[in-house]
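Shown next: query-v8.csv, containing CSV, C-alpha atoms and all ligand atoms.
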```csv
chain,number,residue,atom,x,y,z
F,7,MET,CA,54.4,139.6,136.2
F,8,ILE,CA,56.8,142.5,135.6
F,9,GLU,CA,56.8,145.3,138.3
F,10,PHE,CA,58.4,148.7,138.2
F,11,GLU,CA,58.6,150.3,141.6
F,12,GLY,CA,59.5,154.0,141.7
F,13,VAL,CA,61.9,153.7,138.8
F,14,THR,CA,63.8,156.8,137.8
F,15,LYS,CA,66.3,157.3,135.0
F,16,GLN,CA,68.4,160.5,135.0
F,17,TYR,CA,70.6,161.3,132.1
F,18,GLU,CA,73.0,164.2,132.3
F,19,GLN,CA,70.6,166.5,130.5
F,20,SER,CA,67.2,165.0,131.0
F,21,LEU,CA,65.0,163.0,133.4
F,22,ALA,CA,63.8,160.1,131.1
F,23,LEU,CA,61.8,158.3,133.8
F,24,ASP,CA,60.3,160.0,136.8
F,25,GLY,CA,59.4,157.5,139.6
F,26,LEU,CA,57.7,155.0,137.3
F,27,THR,CA,55.4,152.5,139.1
F,28,LEU,CA,53.8,150.0,136.8
F,29,THR,CA,52.6,146.4,136.8
F,30,ILE,CA,52.6,144.4,133.6
F,31,PRO,CA,50.5,141.2,134.1
F,32,ASP,CA,51.3,137.8,132.6
F,33,ASN,CA,49.9,136.4,129.5
F,34,GLY,CA,48.7,139.4,127.5
F,35,LEU,CA,49.6,142.2,125.2
F,36,PHE,CA,50.6,145.3,127.2
F,37,VAL,CA,51.1,148.5,125.2
F,38,LEU,CA,53.3,151.5,126.2
F,39,VAL,CA,52.1,154.5,124.1
F,40,GLY,CA,53.0,158.1,124.2
F,41,PRO,CA,54.7,160.9,122.2
F,42,SER,CA,58.3,160.9,121.2
F,43,GLY,CA,60.6,161.3,124.2
F,44,SER,CA,58.1,160.2,126.7
F,45,GLY,CA,60.3,157.4,128.0
F,46,LYS,CA,58.8,154.3,126.3
F,47,THR,CA,62.1,152.9,124.9
F,48,THR,CA,63.9,153.6,128.2
F,49,THR,CA,61.2,151.7,130.1
F,50,VAL,CA,61.2,148.6,127.8
F,51,LYS,CA,65.0,148.4,127.6
F,52,MET,CA,65.2,148.3,131.4
F,53,ILE,CA,63.3,145.0,131.4
F,54,ASN,CA,66.2,143.2,129.6
F,55,ARG,CA,68.7,145.4,131.4
F,56,LEU,CA,70.0,147.2,128.3
F,57,ILE,CA,69.5,150.3,130.4
F,58,GLU,CA,69.9,150.3,134.2
F,59,PRO,CA,67.7,152.5,136.4
F,60,THR,CA,69.2,155.4,138.4
F,61,SER,CA,67.0,154.4,141.3
F,62,GLY,CA,64.0,152.1,141.9
F,63,THR,CA,63.5,148.3,141.4
F,64,ILE,CA,62.2,146.2,138.6
F,65,LYS,CA,61.0,142.7,139.4
F,66,ILE,CA,60.0,139.7,137.3
F,67,ASP,CA,57.8,137.2,139.1
F,68,GLY,CA,58.8,138.9,142.4
F,69,GLN,CA,62.5,138.7,141.8
F,70,PRO,CA,64.6,141.9,141.3
F,71,ILE,CA,66.1,141.6,137.9
F,72,ASN,CA,69.4,143.2,139.0
F,73,GLN,CA,70.0,140.1,141.1
F,74,MET,CA,69.4,137.7,138.1
F,75,ASP,CA,72.1,136.3,135.9
F,76,LEU,CA,72.1,138.6,132.9
F,77,GLN,CA,72.5,135.9,130.2
F,78,THR,CA,69.6,133.8,131.7
F,79,LEU,CA,67.4,136.9,131.9
F,80,ARG,CA,68.0,137.8,128.3
F,81,LEU,CA,67.5,134.2,127.1
F,82,ASN,CA,64.1,134.4,128.7
F,83,ILE,CA,63.2,137.7,127.0
F,84,GLY,CA,62.7,138.0,123.3
F,85,TYR,CA,63.4,141.4,121.7
F,86,VAL,CA,62.0,142.8,118.4
F,87,LEU,CA,63.1,146.2,117.1
F,88,GLN,CA,62.0,148.5,114.4
F,89,ASN,CA,65.2,147.9,112.4
F,90,ILE,CA,65.2,144.1,112.6
F,91,ALA,CA,68.9,143.9,112.2
F,92,LEU,CA,69.0,140.4,110.7
F,93,PHE,CA,72.6,139.3,110.0
F,94,PRO,CA,73.0,139.8,106.3
F,95,HIS,CA,75.5,137.0,105.8
F,96,LEU,CA,73.5,134.4,107.6
F,97,THR,CA,70.6,132.5,106.0
F,98,ILE,CA,67.1,132.9,107.4
F,99,GLU,CA,67.4,129.6,109.2
F,100,GLU,CA,70.7,130.6,110.8
F,101,ASN,CA,69.3,134.0,111.8
F,102,ILE,CA,66.2,132.4,113.5
F,103,THR,CA,68.2,129.8,115.4
F,104,ILE,CA,71.2,131.9,116.4
F,105,GLN,CA,70.3,131.8,120.1
F,106,LEU,CA,69.6,128.0,119.9
F,107,GLU,CA,73.2,127.6,118.7
F,108,VAL,CA,74.4,129.5,121.8
F,109,LEU,CA,72.3,127.0,123.8
F,110,LYS,CA,74.1,124.2,121.9
F,111,TRP,CA,71.0,122.7,120.2
F,112,THR,CA,72.0,120.1,117.6
F,113,LYS,CA,71.8,121.1,113.9
F,114,ALA,CA,68.8,118.8,113.3
F,115,ASP,CA,66.9,120.2,116.3
F,116,ARG,CA,67.6,123.8,115.1
F,117,GLN,CA,66.4,123.0,111.6
F,118,LYS,CA,63.2,121.5,113.0
F,119,ARG,CA,62.6,124.5,115.2
F,120,ALA,CA,63.2,126.9,112.3
F,121,ARG,CA,60.7,125.1,110.2
F,122,GLU,CA,58.1,125.2,113.0
F,123,LEU,CA,58.6,128.9,113.5
F,124,LEU,CA,58.5,129.7,109.8
F,125,GLU,CA,55.2,127.9,109.4
F,126,MET,CA,53.9,129.8,112.4
F,127,VAL,CA,54.2,133.0,110.4
F,128,HIS,CA,53.0,131.5,107.1
F,129,LEU,CA,56.4,131.4,105.3
F,130,ASP,CA,57.1,128.2,103.5
F,131,PRO,CA,60.3,126.7,105.1
F,132,ASP,CA,61.3,125.0,101.8
F,133,GLN,CA,61.2,128.4,100.1
F,134,TYR,CA,62.6,130.7,102.8
F,135,ALA,CA,64.9,128.8,105.2
F,136,SER,CA,67.9,129.0,102.9
F,137,ARG,CA,67.4,132.5,101.6
F,138,TYR,CA,69.4,135.5,102.8
F,139,PRO,CA,67.7,138.5,104.4
F,140,SER,CA,68.2,140.7,101.3
F,141,GLU,CA,66.0,138.3,99.4
F,142,LEU,CA,63.0,139.0,101.6
F,143,SER,CA,60.6,142.0,101.6
F,144,GLY,CA,60.5,144.4,104.6
F,145,GLY,CA,57.3,142.7,106.0
F,146,GLN,CA,58.8,139.2,105.6
F,147,GLN,CA,62.0,140.3,107.3
F,148,GLN,CA,60.0,141.6,110.2
F,149,ARG,CA,58.2,138.3,110.4
F,150,ILE,CA,61.7,136.7,110.8
F,151,GLY,CA,62.5,139.3,113.5
F,152,ILE,CA,59.5,138.2,115.4
F,153,ILE,CA,60.2,134.4,115.2
F,154,ARG,CA,63.8,134.9,116.0
F,155,ALA,CA,62.6,136.5,119.3
F,156,LEU,CA,60.3,133.4,119.8
F,157,ALA,CA,62.9,130.8,119.1
F,158,THR,CA,63.8,130.0,122.7
F,159,SER,CA,60.1,130.2,123.7
F,160,PRO,CA,60.6,133.1,126.1
F,161,LYS,CA,57.8,134.0,128.5
F,162,VAL,CA,58.3,137.7,127.8
F,163,ILE,CA,58.7,139.4,124.4
F,164,LEU,CA,59.6,143.1,124.1
F,165,MET,CA,58.6,144.8,120.9
F,166,ASP,CA,59.9,148.4,120.3
F,167,GLU,CA,58.0,150.1,117.5
F,168,PRO,CA,58.4,147.0,115.4
F,169,PHE,CA,56.1,148.0,112.5
F,170,SER,CA,56.6,151.7,112.3
F,171,ALA,CA,58.7,151.5,109.1
F,172,LEU,CA,56.2,149.3,107.3
F,173,ASP,CA,53.4,150.4,104.9
F,174,PRO,CA,49.9,150.5,106.4
F,175,VAL,CA,48.7,147.2,104.8
F,176,THR,CA,51.8,145.2,105.9
F,177,ARG,CA,51.5,146.8,109.3
F,178,THR,CA,47.9,145.7,109.7
F,179,GLN,CA,48.8,142.1,108.7
F,180,LEU,CA,51.7,142.0,111.2
F,181,GLN,CA,49.5,143.4,113.9
F,182,ASP,CA,47.0,140.5,113.2
F,183,LEU,CA,49.9,138.1,113.3
F,184,VAL,CA,51.1,139.3,116.7
F,185,LEU,CA,47.6,139.1,118.1
F,186,SER,CA,47.2,135.6,117.0
F,187,LEU,CA,50.6,134.5,118.1
F,188,GLN,CA,50.0,135.9,121.6
F,189,LYS,CA,46.7,134.0,121.8
F,190,GLN,CA,48.4,130.8,120.7
F,191,LEU,CA,51.5,131.1,122.9
F,192,HIS,CA,50.1,132.8,126.0
F,193,ASN,CA,53.2,134.8,126.5
F,194,THR,CA,53.6,138.4,127.8
F,195,ILE,CA,54.2,140.9,125.1
F,196,VAL,CA,55.3,144.5,126.0
F,197,PHE,CA,54.7,146.5,122.8
F,198,VAL,CA,56.0,150.1,122.4
F,199,THR,CA,54.3,152.5,119.9
F,200,HIS,CA,53.7,156.2,119.5
F,201,ASP,CA,50.6,155.4,117.3
F,202,MET,CA,47.4,155.5,119.4
F,203,LYS,CA,45.5,153.5,116.7
F,204,GLU,CA,48.0,150.6,117.0
F,205,ALA,CA,47.8,150.8,120.8
F,206,LEU,CA,44.0,150.6,120.7
F,207,ARG,CA,44.0,147.7,118.2
F,208,LEU,CA,46.6,145.6,120.1
F,209,GLY,CA,46.5,146.3,123.8
F,210,ASP,CA,44.8,144.1,126.3
F,211,GLU,CA,46.0,146.9,128.6
F,212,ILE,CA,47.5,150.2,127.6
F,213,ALA,CA,49.8,152.5,129.6
F,214,VAL,CA,49.9,156.1,128.3
F,215,MET,CA,53.2,157.9,129.0
F,216,ARG,CA,54.2,161.5,129.0
F,217,GLN,CA,57.5,163.0,130.1
F,218,GLY,CA,58.7,160.0,131.9
F,219,SER,CA,55.6,159.2,133.9
F,220,ILE,CA,52.4,157.2,133.4
F,221,GLN,CA,49.3,159.1,132.8
F,222,GLN,CA,46.8,156.3,132.7
F,223,VAL,CA,46.7,152.5,132.6
F,224,GLY,CA,43.7,150.6,131.4
F,225,THR,CA,41.9,148.7,128.6
F,226,ALA,CA,41.5,150.5,125.3
F,227,LYS,CA,37.8,150.9,126.0
F,228,ALA,CA,38.4,152.5,129.4
F,229,ILE,CA,41.1,154.9,128.1
F,230,PHE,CA,39.0,155.9,125.1
F,231,ASN,CA,35.8,156.4,127.0
F,232,GLN,CA,37.1,157.7,130.3
F,233,PRO,CA,40.4,159.5,129.7
F,234,LYS,CA,41.9,160.4,133.1
F,235,ASN,CA,43.2,163.8,132.1
F,236,GLU,CA,43.3,166.3,129.2
F,237,PHE,CA,46.5,164.9,127.8
F,238,VAL,CA,45.1,161.4,127.4
F,239,ARG,CA,41.9,162.8,126.0
F,240,GLU,CA,43.7,164.8,123.3
F,241,PHE,CA,46.2,162.0,122.5
F,242,PHE,CA,43.3,159.7,121.6
F,243,ASP,CA,41.1,162.3,120.0
F,244,ILE,CA,41.7,161.1,116.4
F,245,GLU,CA,39.0,163.0,114.7
F,246,ARG,CA,40.2,166.3,116.2
F,247,GLN,CA,43.8,165.6,115.2
F,248,GLN,CA,42.7,164.8,111.7
F,249,ALA,CA,40.7,168.0,111.5
F,250,SER,CA,43.7,170.1,112.6
F,251,LEU,CA,45.8,168.9,109.6
F,252,THR,CA,46.1,171.3,106.7
F,253,VAL,CA,47.4,171.3,103.1
F,254,GLN,CA,50.6,172.8,104.5
F,255,ASP,CA,51.2,169.6,106.5
F,256,LEU,CA,50.9,167.7,103.3
F,257,LEU,CA,53.4,169.9,101.5
F,258,ALA,CA,55.7,169.8,104.5
F,259,ALA,CA,55.7,166.0,104.2
F,260,ASP,CA,56.9,166.3,100.6
F,261,LEU,CA,53.7,164.7,99.3
F,262,GLY,CA,52.3,165.6,95.8
F,263,THR,CA,54.1,166.0,92.5
F,264,VAL,CA,56.1,169.2,91.8
F,265,VAL,CA,54.6,171.1,88.9
F,266,ASN,CA,55.5,174.5,87.3
F,267,ASN,CA,53.5,177.5,86.2
F,268,GLN,CA,50.0,176.2,87.0
F,269,PRO,CA,47.3,178.2,88.7
F,270,THR,CA,47.2,177.5,92.5
F,271,THR,CA,43.7,176.2,93.3
F,272,ILE,CA,43.9,175.7,97.0
F,273,THR,CA,45.5,177.6,99.8
F,274,SER,CA,48.0,175.9,102.1
F,275,SER,CA,45.9,176.7,105.1
F,276,ALA,CA,42.9,174.7,103.8
F,277,THR,CA,41.8,171.7,105.9
F,278,LEU,CA,42.0,168.2,104.6
F,279,ALA,CA,38.2,168.1,104.4
F,280,GLU,CA,38.4,171.1,102.1
F,281,LEU,CA,41.1,169.4,100.1
F,282,ALA,CA,39.0,166.2,99.8
F,283,GLN,CA,36.0,168.2,98.5
F,284,GLN,CA,38.2,169.9,95.8
F,285,LEU,CA,39.7,166.6,94.8
F,286,VAL,CA,36.2,165.2,94.3
F,287,ASP,CA,35.2,168.3,92.3
F,288,HIS,CA,38.3,168.0,90.2
F,289,PRO,CA,38.8,164.3,89.5
F,290,ASP,CA,41.2,165.2,86.7
F,291,GLY,CA,43.7,166.0,89.5
F,292,GLY,CA,43.6,169.7,89.1
F,293,VAL,CA,44.3,170.6,92.7
F,294,VAL,CA,47.5,172.6,93.0
F,295,ALA,CA,49.0,174.1,96.2
F,296,THR,CA,52.1,176.0,97.0
F,297,ASP,CA,54.1,176.6,100.1
F,298,GLY,CA,55.4,179.8,98.7
F,299,GLN,CA,58.5,178.2,97.1
F,300,GLU,CA,57.3,175.4,94.8
F,301,GLN,CA,54.0,174.2,93.4
F,302,ARG,CA,52.7,170.7,94.0
F,303,GLN,CA,49.8,168.8,92.4
F,304,LEU,CA,47.9,166.8,95.0
F,305,THR,CA,45.8,163.6,94.8
F,306,MET,CA,43.6,161.6,97.1
F,307,THR,CA,46.5,159.2,97.6
F,308,ASP,CA,48.6,162.1,99.0
F,309,LEU,CA,45.9,162.9,101.4
F,310,THR,CA,45.4,159.3,102.7
F,311,THR,CA,49.2,158.9,102.9
F,312,LEU,CA,49.5,161.8,105.2
F,313,ILE,CA,46.7,160.5,107.5
F,314,ALA,CA,48.4,157.0,107.5
F,315,LYS,CA,51.8,158.6,108.2
F,316,ARG,CA,50.5,160.4,111.2
F,317,GLY,CA,48.8,157.2,112.4
F,318,LEU,CA,45.4,158.7,112.3
W,1,LIG,N1,71.4,157.7,126.0
W,1,LIG,C1,70.7,158.8,126.3
W,1,LIG,N2,71.4,159.9,126.8
W,1,LIG,C2,70.7,161.1,127.1
W,1,LIG,N3,69.4,161.2,127.1
W,1,LIG,C3,68.7,160.2,126.6
W,1,LIG,C4,69.3,158.9,126.2
W,1,LIG,N4,68.3,158.1,125.8
W,1,LIG,C5,67.2,158.7,125.9
W,1,LIG,N5,67.4,160.0,126.4
W,1,LIG,C6,66.3,161.0,126.7
W,1,LIG,O1,65.4,160.4,127.5
W,1,LIG,C7,64.0,160.7,127.2
W,1,LIG,C8,63.2,159.5,126.9
W,1,LIG,O2,63.7,158.8,125.8
W,1,LIG,P1,63.0,157.5,125.2
W,1,LIG,O3,63.9,157.1,124.0
W,1,LIG,O4,62.8,156.5,126.3
W,1,LIG,O5,61.6,158.0,124.7
W,1,LIG,P2,60.5,157.4,123.7
W,1,LIG,O6,59.2,157.6,124.3
W,1,LIG,O7,60.9,155.9,123.4
W,1,LIG,O8,60.7,158.2,122.4
W,1,LIG,P3,60.6,157.8,120.8
W,1,LIG,O9,59.2,157.4,120.6
W,1,LIG,O10,61.0,159.0,120.1
W,1,LIG,O11,61.5,156.6,120.6
W,1,LIG,C9,64.2,161.7,126.0
W,1,LIG,O12,64.1,163.0,126.5
W,1,LIG,C10,65.5,161.3,125.4
W,1,LIG,O13,66.1,162.5,124.8
```

Show how you would write the structure in this file as structure tokens.
Amino acid sequence: MIEFEGVTKQYEQSLALDGLTLTIPDNGLFVLVGPSGSGKTTTVKMINRLIEPTSGTIKIDGQPINQMDLQTLRLNIGYVLQNIALFPHLTIEENITIQLEVLKWTKADRQKRARELLEMVHLDPDQYASRYPSELSGGQQQRIGIIRALATSPKVILMDEPFSALDPVTRTQLQDLVLSLQKQLHNTIVFVTHDMKEALRLGDEIAVMRQGSIQQVGTAKAIFNQPKNEFVREFFDIERQQASLTVQDLLAADLGTVVNNQPTTITSSATLAELAQQLVDHPDGGVVATDGQEQRQLTMTDLTTLIAKRGL
């Protein structure tokens, strides 16, 4: 069990955490979700002491972590980041087993463990163990990032926006993988995301954060059905957020193909529902919008890309 008791983090300019009190139970997937700057990364980095609190206490299994040996603490906590940061000059096997080398495992044992871990994420060891990171796709590299964090069988794994740079299909596959690994290994995963759909899909329990404090903690069902306040209700109101997007959002995201001298057929203030209707009416792709500077031809793929990008 990980406990935050009245934890505050004051930076020179901003209060990142404001008296955070939170209990993360063992054996489950605990999601921290909230908008940018709400304090999610600060919270998660305090668990492995990459950031120290200004005040308050953090305990693991009842023991304050600032009294633990730092190396032991970190060896017991896996850490997966958005930018996996695999070492480019080391093979996949060497990347996976780097901590085991620190722990003085023999080469044979390290090789055996690397094979086991690669199989766990459905990558054939004979094919992948000796490759270099640049010879893997983004999704495969992130699988390596995950098993590198699992190598020492830590009880706690921290995952900070691990999939936000991946395309929607790969992202879903890796979410499934994390769910099945957690069920298999019975560890505690603390998962940070700003994407409410990812939070609802993964979290056994979800903590919603805003401006350095917790707004609500509960199961996906409880948060979705009984939001504690207006902020939580709006944050999870996917339909309304989709409805508030316009063609201008699509143009601002640089979607569509630049065209010249074509009649503009949709205004930039049109909703995505209006755009979808026009796309259906003009299957030849004749929907053109302008932001006042350049013209862009829009397709259904542009529309779905925007929705996926916003995590809606
Ligand atoms: N090293 C730092 N120095 C000063 N302020 C910081 C520092 N790190 C974070 N902050 C501030 O603390 C607040 C919380 O940041 P944090 O990175 O924890 O938020 P977050 O919810 O993880 O955001 P994001 O989803 O954008 O990563 C923000 O206002 C941020 O600007």

Exercise. Pick out the residues no farther than 6 Å from ligand LIG 1 (chain W), counting all atoms listed in the file, and list them as a count of residues only.
Key: 12

Quiz item: So how many Å separate atom CA of Thr270 of chain F and atom CA of Leu251 of chain F, to one decimal?
Solution: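 Going from atom CA of Thr270 of chain F over to atom CA of Leu251 of chain F, I get 19.2 Å.
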
Exercise. Using all atoms listed in the file, find the one residue out of F:Ala258, F:Ile64, F:Met165, F:Val127 that sits nearest to Gln88 of chain F.
Key: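 Among F:Ala258, F:Ile64, F:Met165, F:Val127, it is F:Met165 that comes nearest to Gln88 of chain F.
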
Self-check item: Surrounding residues of Asp297 of chain F excluding itself and chain neighbours under 5 positions, 9 Å, all atoms listed in the file, as a PyMOL selection string
Solution: chain F and resi 254+257-258+273-274+302

Please work out which residues fall within 10 Å of (63.9, 132.5, 122.5), coordinates as given in the file, with all atoms listed in the file counting, and return them as a PDB file with C-alpha atoms, keeping the file's coordinate frame.
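Output file result-v1.pdb is given in full below:
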```
ATOM      1  CA  ARG F  80      68.000 137.800 128.300  1.00  0.00           C
ATOM      2  CA  LEU F  81      67.500 134.200 127.100  1.00  0.00           C
ATOM      3  CA  ASN F  82      64.100 134.400 128.700  1.00  0.00           C
ATOM      4  CA  ILE F  83      63.200 137.700 127.000  1.00  0.00           C
ATOM      5  CA  GLY F  84      62.700 138.000 123.300  1.00  0.00           C
ATOM      6  CA  TYR F  85      63.400 141.400 121.700  1.00  0.00           C
ATOM      7  CA  ILE F 102      66.200 132.400 113.500  1.00  0.00           C
ATOM      8  CA  THR F 103      68.200 129.800 115.400  1.00  0.00           C
ATOM      9  CA  ILE F 104      71.200 131.900 116.400  1.00  0.00           C
ATOM     10  CA  GLN F 105      70.300 131.800 120.100  1.00  0.00           C
ATOM     11  CA  LEU F 106      69.600 128.000 119.900  1.00  0.00           C
ATOM     12  CA  ILE F 153      60.200 134.400 115.200  1.00  0.00           C
ATOM     13  CA  ARG F 154      63.800 134.900 116.000  1.00  0.00           C
ATOM     14  CA  ALA F 155      62.600 136.500 119.300  1.00  0.00           C
ATOM     15  CA  LEU F 156      60.300 133.400 119.800  1.00  0.00           C
ATOM     16  CA  ALA F 157      62.900 130.800 119.100  1.00  0.00           C
ATOM     17  CA  THR F 158      63.800 130.000 122.700  1.00  0.00           C
ATOM     18  CA  SER F 159      60.100 130.200 123.700  1.00  0.00           C
ATOM     19  CA  PRO F 160      60.600 133.100 126.100  1.00  0.00           C
ATOM     20  CA  LYS F 161      57.800 134.000 128.500  1.00  0.00           C
ATOM     21  CA  VAL F 162      58.300 137.700 127.800  1.00  0.00           C
ATOM     22  CA  ILE F 163      58.700 139.400 124.400  1.00  0.00           C
TER      23      ILE F 163
END
```

Quiz item: Hey, what's within 7 Å of segment 118-121 of chain F if we count all atoms listed in the file and toss same-chain stuff fewer than 3 positions away? As a ChimeraX atom specification, please?
Solution: /F:99,102-103,114-115,124-125,131

Report as a Markdown table: every residue of segment 175-210 of chain F with an atom at most 12 Å from segment 215-221 of chain F, its closest pair of atoms, and their distance in Å to one decimal, counting all atoms listed in the file, with rows sorted by chain and ascending residue number.
```
| residue | atom | partner | partner_atom | distance |
| --- | --- | --- | --- | --- |
| F:Val198 | CA | F:Met215 | CA | 10.6 |
| F:Thr199 | CA | F:Met215 | CA | 10.6 |
| F:His200 | CA | F:Met215 | CA | 9.7 |
| F:Met202 | CA | F:Met215 | CA | 11.5 |
```

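Put simply, atom CA of Val238 of chain F is 11.6 Å away from atom CA of Gly224 of chain F.
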
Quiz item: Given the choices F:Thr311, F:Thr176, F:Thr112, F:Asn267, which gets closest to Ala295 of chain F if the distance is worked out from all atoms listed in the file?
Solution: F:Asn267

Exercise. Have a look at F:Gln19, F:Gln222, F:Gln146, F:Thr252 and name the one nearest to Leu92 of chain F; count all atoms listed in the file.
Key: F:Gln146

Quiz item: So, counting only C-alpha atoms, which residue among F:Val294, F:Ala226, F:Val175, F:Leu76 is closest to Ala205 of chain F?
Solution: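 Answer, going by the shortest atom-to-atom distance: F:Ala226.
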